[in-house]
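Written out below as structure tokens is the structure these notes cover.
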Amino acid sequence: MLRAAGVGVGDEVIVPAFGNVEVAEAVTQVGAAAVFADIDPVTYCLDAGAVEAAVTPRSTAVVVVHRFGRSADMTRLRDVGQRHGLLALELGESEAPFDEIAQRRERAAYLDGRLSGVRTPDGGDGHTYQQYVVRVPGNGRPDRDAFARAVRAKGIECRVPVKTPVHRLPGFRRDVHLPETERAADETLALPVDASLTKREMQRIVSACNALGGLLQPAF
């Protein structure tokens with residue numbers, strides 16, 4: 001997409017640091033420079049205000065990545081692009097069948113109503129729950145990592161969706177202030193929400209997580 005748009009040497013492309021390194025690598029492969037902007041803490045997608053703040057005279061494009069089943073605010077991001085002459089490119093997630101999405105939403109609603117001690121995801125704007133990502137607030141300890149280990153010890157699969165933001169990786173290190181990206185990388189944890197989960201398995205997830213509530217700050 002970048003090559004087709006004529007992006008190349010001397011150009012800057014604004015990308016998220018919260019996510020896979022492949023987006024930044026694609027920018028460098030066409031000879032451009034990756035510039036990292038912060039995310040919206042609810043959608044985990046690029047924040048339009050942060051993108052606008054990152055624009056320079058060399059900026060030519062912004063690559064927007066939709067995350068975990070939530071969509072970025074493309075209306076605002078396209079507005080920023082139009083004001084500054086940026087091409088807005090989107091990377092989406094593979095679409096699941098409608099019945100599978102409906103089942104994931106049903107399981108997400110079950111977790112929303114029963115989990116305590118973690119912050120459950122905001123389900124607005126047609127969330128399809130590609131991943132059910134909660135926040136484990138820190139209080140001076142690596143609570144998210146301790147929480148994940150304890151949940152796994154109870155036989156519940158969970159994963160840290162973004163272990164290291166791209167701007168912390170060798171080759172892409174930047175002296176840039178991305179507070180929401182850093183916070184999300186430190187606090188987020190993906191819990192199972194597959195359409196195949198049974199009621200008993202959902203109850204086990206809730207029981208395992210809520211038993212650890214004493215480790216955490218109260219949920220917001």
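The way I read the labels, and the way they are meant: chains A, B, ... in the order of the structure tokens, residue 1 as the first residue of every chain, and ligand 1 as the first ligand shown, with later ones counted on from there.
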
- Would you mind writing down, as a PyMOL selection string, each residue of stretch 113-188 of chain A that DSSP on the backbone assigns to alpha helix (DSSP H)? chain A and resi 113-114+143-153+179-187

- Message: For the structure I just gave you, how does DSSP split stretch 13-206 of chain A - specifically, which residues are strand (DSSP E or B)? Reply as number ranges by chain.
- Response: A: 13-16, 33-37, 39, 46, 59-65, 67, 70, 87-91, 119, 132-135, 159, 188-191

- Out of A:Arg168, A:Arg149, A:Arg159, A:Arg105, which residue has the shortest atom-to-atom distance to A:Val134 when counting only C-alpha atoms? A:Arg159

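Comparing the minimum interatomic distances between A:Arg104 and each of A:Gln130, A:Leu2, A:Pro165, A:Ser59, counting only C-alpha atoms, we find that A:Gln130 sits nearest.
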
Each stretch 121-210 of chain A residue no farther than 9 Å from stretch 40-46 of chain A, nearest pair in Å, only C-alpha atoms, as JSON lines:
```
{"residue": "A:Pro121", "atom": "CA", "partner": "A:Val42", "partner_atom": "CA", "distance": 7.5}
{"residue": "A:Asp122", "atom": "CA", "partner": "A:Val42", "partner_atom": "CA", "distance": 6.5}
{"residue": "A:Glu180", "atom": "CA", "partner": "A:Pro41", "partner_atom": "CA", "distance": 6.0}
{"residue": "A:Thr181", "atom": "CA", "partner": "A:Pro41", "partner_atom": "CA", "distance": 7.9}
{"residue": "A:Arg183", "atom": "CA", "partner": "A:Pro41", "partner_atom": "CA", "distance": 8.7}
{"residue": "A:Ala184", "atom": "CA", "partner": "A:Pro41", "partner_atom": "CA", "distance": 7.2}
```

- Task: Fewer than 5 positions away in the same chain doesn't count, so skip those; otherwise give me all residues within 10 Å of A:Ile14, counting only C-alpha atoms, as a ChimeraX atom specification.
- Result: /A:24,27,33-37,46,50-52,54-56,59-64,86,88

Residues as selected, N, CA and C atoms, written as a PDB file, in the first residue's frame, can you do that?
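Ended up saving to selection15.pdb:
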```
ATOM      1  N   ALA A  24       5.880  -0.880  11.278  1.00  0.00           N
ATOM      2  CA  ALA A  24       7.059  -0.005  11.226  1.00  0.00           C
ATOM      3  C   ALA A  24       8.096  -0.551  10.257  1.00  0.00           C
ATOM      4  N   VAL A  27       7.273   0.387   6.728  1.00  0.00           N
ATOM      5  CA  VAL A  27       7.615   1.782   6.448  1.00  0.00           C
ATOM      6  C   VAL A  27       9.095   1.896   6.072  1.00  0.00           C
ATOM      7  N   ALA A  33      10.545   6.928   7.053  1.00  0.00           N
ATOM      8  CA  ALA A  33      10.814   6.868   8.490  1.00  0.00           C
ATOM      9  C   ALA A  33       9.513   6.694   9.246  1.00  0.00           C
ATOM     10  N   ALA A  34       9.508   5.781  10.205  1.00  0.00           N
ATOM     11  CA  ALA A  34       8.333   5.551  11.047  1.00  0.00           C
ATOM     12  C   ALA A  34       8.327   6.560  12.189  1.00  0.00           C
ATOM     13  N   VAL A  35       7.200   7.231  12.367  1.00  0.00           N
ATOM     14  CA  VAL A  35       7.004   8.173  13.471  1.00  0.00           C
ATOM     15  C   VAL A  35       5.867   7.628  14.323  1.00  0.00           C
ATOM     16  N   PHE A  36       6.118   7.491  15.617  1.00  0.00           N
ATOM     17  CA  PHE A  36       5.142   6.840  16.493  1.00  0.00           C
ATOM     18  C   PHE A  36       4.235   7.859  17.169  1.00  0.00           C
ATOM     19  N   ALA A  37       2.939   7.545  17.176  1.00  0.00           N
ATOM     20  CA  ALA A  37       1.952   8.373  17.865  1.00  0.00           C
ATOM     21  C   ALA A  37       1.236   7.529  18.903  1.00  0.00           C
ATOM     22  N   LEU A  46      -4.817   4.249  17.118  1.00  0.00           N
ATOM     23  CA  LEU A  46      -4.215   5.580  17.087  1.00  0.00           C
ATOM     24  C   LEU A  46      -5.217   6.653  17.504  1.00  0.00           C
ATOM     25  N   ALA A  50      -3.161  12.737  18.940  1.00  0.00           N
ATOM     26  CA  ALA A  50      -1.746  12.379  18.979  1.00  0.00           C
ATOM     27  C   ALA A  50      -1.152  12.331  17.573  1.00  0.00           C
ATOM     28  N   VAL A  51      -1.934  11.857  16.620  1.00  0.00           N
ATOM     29  CA  VAL A  51      -1.469  11.837  15.235  1.00  0.00           C
ATOM     30  C   VAL A  51      -1.214  13.255  14.746  1.00  0.00           C
ATOM     31  N   GLU A  52      -2.148  14.162  15.029  1.00  0.00           N
ATOM     32  CA  GLU A  52      -1.984  15.540  14.574  1.00  0.00           C
ATOM     33  C   GLU A  52      -0.742  16.178  15.191  1.00  0.00           C
ATOM     34  N   ALA A  54       1.941  14.711  15.904  1.00  0.00           N
ATOM     35  CA  ALA A  54       3.148  14.089  15.354  1.00  0.00           C
ATOM     36  C   ALA A  54       3.445  14.528  13.920  1.00  0.00           C
ATOM     37  N   VAL A  55       2.542  15.293  13.311  1.00  0.00           N
ATOM     38  CA  VAL A  55       2.717  15.704  11.915  1.00  0.00           C
ATOM     39  C   VAL A  55       3.886  16.687  11.786  1.00  0.00           C
ATOM     40  N   THR A  56       4.713  16.480  10.776  1.00  0.00           N
ATOM     41  CA  THR A  56       5.801  17.398  10.417  1.00  0.00           C
ATOM     42  C   THR A  56       5.691  17.686   8.918  1.00  0.00           C
ATOM     43  N   SER A  59       5.696  14.543   6.796  1.00  0.00           N
ATOM     44  CA  SER A  59       4.663  13.514   6.965  1.00  0.00           C
ATOM     45  C   SER A  59       3.873  13.346   5.670  1.00  0.00           C
ATOM     46  N   THR A  60       3.721  12.099   5.245  1.00  0.00           N
ATOM     47  CA  THR A  60       2.972  11.831   4.013  1.00  0.00           C
ATOM     48  C   THR A  60       1.805  10.877   4.218  1.00  0.00           C
ATOM     49  N   ALA A  61       1.850  10.071   5.286  1.00  0.00           N
ATOM     50  CA  ALA A  61       0.796   9.070   5.476  1.00  0.00           C
ATOM     51  C   ALA A  61       0.677   8.699   6.948  1.00  0.00           C
ATOM     52  N   VAL A  62      -0.462   8.103   7.277  1.00  0.00           N
ATOM     53  CA  VAL A  62      -0.679   7.521   8.596  1.00  0.00           C
ATOM     54  C   VAL A  62      -1.260   6.133   8.373  1.00  0.00           C
ATOM     55  N   VAL A  63      -0.713   5.146   9.099  1.00  0.00           N
ATOM     56  CA  VAL A  63      -1.217   3.776   9.005  1.00  0.00           C
ATOM     57  C   VAL A  63      -2.012   3.476  10.275  1.00  0.00           C
ATOM     58  N   VAL A  64      -3.302   3.261  10.114  1.00  0.00           N
ATOM     59  CA  VAL A  64      -4.211   3.026  11.237  1.00  0.00           C
ATOM     60  C   VAL A  64      -4.470   1.523  11.347  1.00  0.00           C
ATOM     61  N   LEU A  86      -2.332  14.108   4.407  1.00  0.00           N
ATOM     62  CA  LEU A  86      -1.820  12.762   4.679  1.00  0.00           C
ATOM     63  C   LEU A  86      -2.746  11.708   4.082  1.00  0.00           C
ATOM     64  N   ALA A  88      -4.448   8.288   4.573  1.00  0.00           N
ATOM     65  CA  ALA A  88      -4.821   7.451   5.708  1.00  0.00           C
ATOM     66  C   ALA A  88      -5.026   6.015   5.223  1.00  0.00           C
TER      67      ALA A  88
END
```

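Closest approach to A:Pro179 from the set A:Val7, A:Val133, A:Ile39, A:Val15 is made by A:Ile39, with distances taken over only C-alpha atoms.
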
- Query: Restricting the calculation to only C-alpha atoms, which member of A:Gly124, A:Gly69, A:Gly117, A:Gly8 is positioned closest to A:Ala208?
  - Reply: A:Gly117

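Here the question is which of A:His127, A:Arg78, A:Arg114, A:Arg200 gets nearest to A:Ile101 using only C-alpha atoms, and that residue is A:His127.
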
- Query: Neighbours of A:Tyr110 within 12 Å (only C-alpha atoms; same-chain residues fewer than 3 positions away dropped), as a list in words?
  - Reply: Gln103, Arg104, Arg105, Glu106, Arg107, Gly113, Arg114, Leu115, Thr120, Tyr132, Pro192, Val193, Leu197, Thr198, Lys199, Arg200, Glu201, Met202, Gln203, Ile205 and Val206 of chain A

Please produce an output containing N, CA, C and O atoms for each residue in the selection, written as a compact mmCIF listing (two decimals), in the first residue's frame.
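Final output, saved to again34.txt:
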```txt
# COMPACT_ATOMS: atom_id res chain seq x y z
N GLN A 103 -21.63 -14.99 19.37
CA GLN A 103 -21.28 -15.85 20.52
C GLN A 103 -20.16 -15.23 21.35
O GLN A 103 -20.18 -15.32 22.59
N ARG A 104 -19.19 -14.62 20.69
CA ARG A 104 -18.12 -13.96 21.45
C ARG A 104 -18.68 -12.80 22.26
O ARG A 104 -18.27 -12.57 23.40
N ARG A 105 -19.59 -12.04 21.66
CA ARG A 105 -20.20 -10.93 22.40
C ARG A 105 -20.99 -11.45 23.61
O ARG A 105 -20.99 -10.82 24.67
N GLU A 106 -21.64 -12.57 23.44
CA GLU A 106 -22.39 -13.16 24.55
C GLU A 106 -21.45 -13.55 25.69
O GLU A 106 -21.74 -13.29 26.86
N ARG A 107 -20.32 -14.13 25.36
CA ARG A 107 -19.35 -14.52 26.39
C ARG A 107 -18.67 -13.30 27.00
O ARG A 107 -18.40 -13.28 28.21
N GLY A 113 -20.06 -8.77 33.32
CA GLY A 113 -20.94 -8.68 34.47
C GLY A 113 -20.43 -9.38 35.71
O GLY A 113 -21.01 -9.21 36.79
N ARG A 114 -19.35 -10.17 35.58
CA ARG A 114 -18.92 -10.97 36.71
C ARG A 114 -17.48 -10.76 37.15
O ARG A 114 -17.13 -11.10 38.29
N LEU A 115 -16.63 -10.24 36.28
CA LEU A 115 -15.23 -10.05 36.66
C LEU A 115 -15.09 -8.88 37.63
O LEU A 115 -15.73 -7.84 37.46
N THR A 120 -12.71 -4.19 32.69
CA THR A 120 -13.17 -4.89 31.49
C THR A 120 -13.19 -3.95 30.29
O THR A 120 -13.23 -2.73 30.46
N TYR A 132 -10.48 -10.44 24.10
CA TYR A 132 -11.13 -9.83 25.26
C TYR A 132 -10.00 -9.31 26.17
O TYR A 132 -9.37 -10.08 26.90
N PRO A 192 -9.61 -15.59 27.58
CA PRO A 192 -10.35 -16.34 26.56
C PRO A 192 -11.78 -15.82 26.39
O PRO A 192 -12.46 -15.50 27.37
N VAL A 193 -12.20 -15.74 25.13
CA VAL A 193 -13.58 -15.34 24.83
C VAL A 193 -14.07 -16.08 23.58
O VAL A 193 -15.01 -15.66 22.93
N LEU A 197 -16.22 -21.67 23.98
CA LEU A 197 -16.18 -21.82 25.44
C LEU A 197 -17.54 -22.22 26.00
O LEU A 197 -18.56 -21.65 25.64
N THR A 198 -17.52 -23.19 26.91
CA THR A 198 -18.76 -23.62 27.55
C THR A 198 -19.05 -22.74 28.77
O THR A 198 -18.18 -22.00 29.24
N LYS A 199 -20.26 -22.85 29.29
CA LYS A 199 -20.63 -22.09 30.49
C LYS A 199 -19.72 -22.44 31.66
O LYS A 199 -19.30 -21.57 32.41
N ARG A 200 -19.40 -23.71 31.78
CA ARG A 200 -18.52 -24.13 32.88
C ARG A 200 -17.12 -23.51 32.73
O ARG A 200 -16.52 -23.07 33.72
N GLU A 201 -16.62 -23.48 31.52
CA GLU A 201 -15.31 -22.86 31.29
C GLU A 201 -15.34 -21.37 31.59
O GLU A 201 -14.37 -20.82 32.15
N MET A 202 -16.43 -20.70 31.23
CA MET A 202 -16.55 -19.28 31.55
C MET A 202 -16.57 -19.07 33.07
O MET A 202 -15.95 -18.13 33.59
N GLN A 203 -17.26 -19.93 33.77
CA GLN A 203 -17.29 -19.82 35.23
C GLN A 203 -15.91 -20.02 35.84
O GLN A 203 -15.55 -19.35 36.81
N ILE A 205 -13.06 -19.24 34.39
CA ILE A 205 -12.30 -18.01 34.13
C ILE A 205 -12.63 -16.97 35.19
O ILE A 205 -11.73 -16.34 35.78
N VAL A 206 -13.92 -16.77 35.44
CA VAL A 206 -14.35 -15.77 36.43
C VAL A 206 -13.83 -16.13 37.81
O VAL A 206 -13.30 -15.29 38.55
```

- Note on the structure: Shortest contact to A:Ala185, candidates A:Ala148, A:Val162, A:Ala153, A:Cys209, atoms counted only C-alpha atoms, goes to A:Val162

- From atom CA of A:Gln29 to atom CA of A:Asp79 the spacing works out at 27.2 Å

- Residue contacts of A:Asp73 (8 Å, only C-alpha atoms) excluding same-chain residues fewer than 4 positions away, as a ChimeraX atom specification: /A:47-48,77

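The space separating atom CA of A:Phe18 from atom CA of A:Val166 comes to 6.6 Å.
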
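For the atom pair formed by atom CA of A:Arg144 and atom CA of A:Arg119, the distance is 11.7 Å, given to one decimal.
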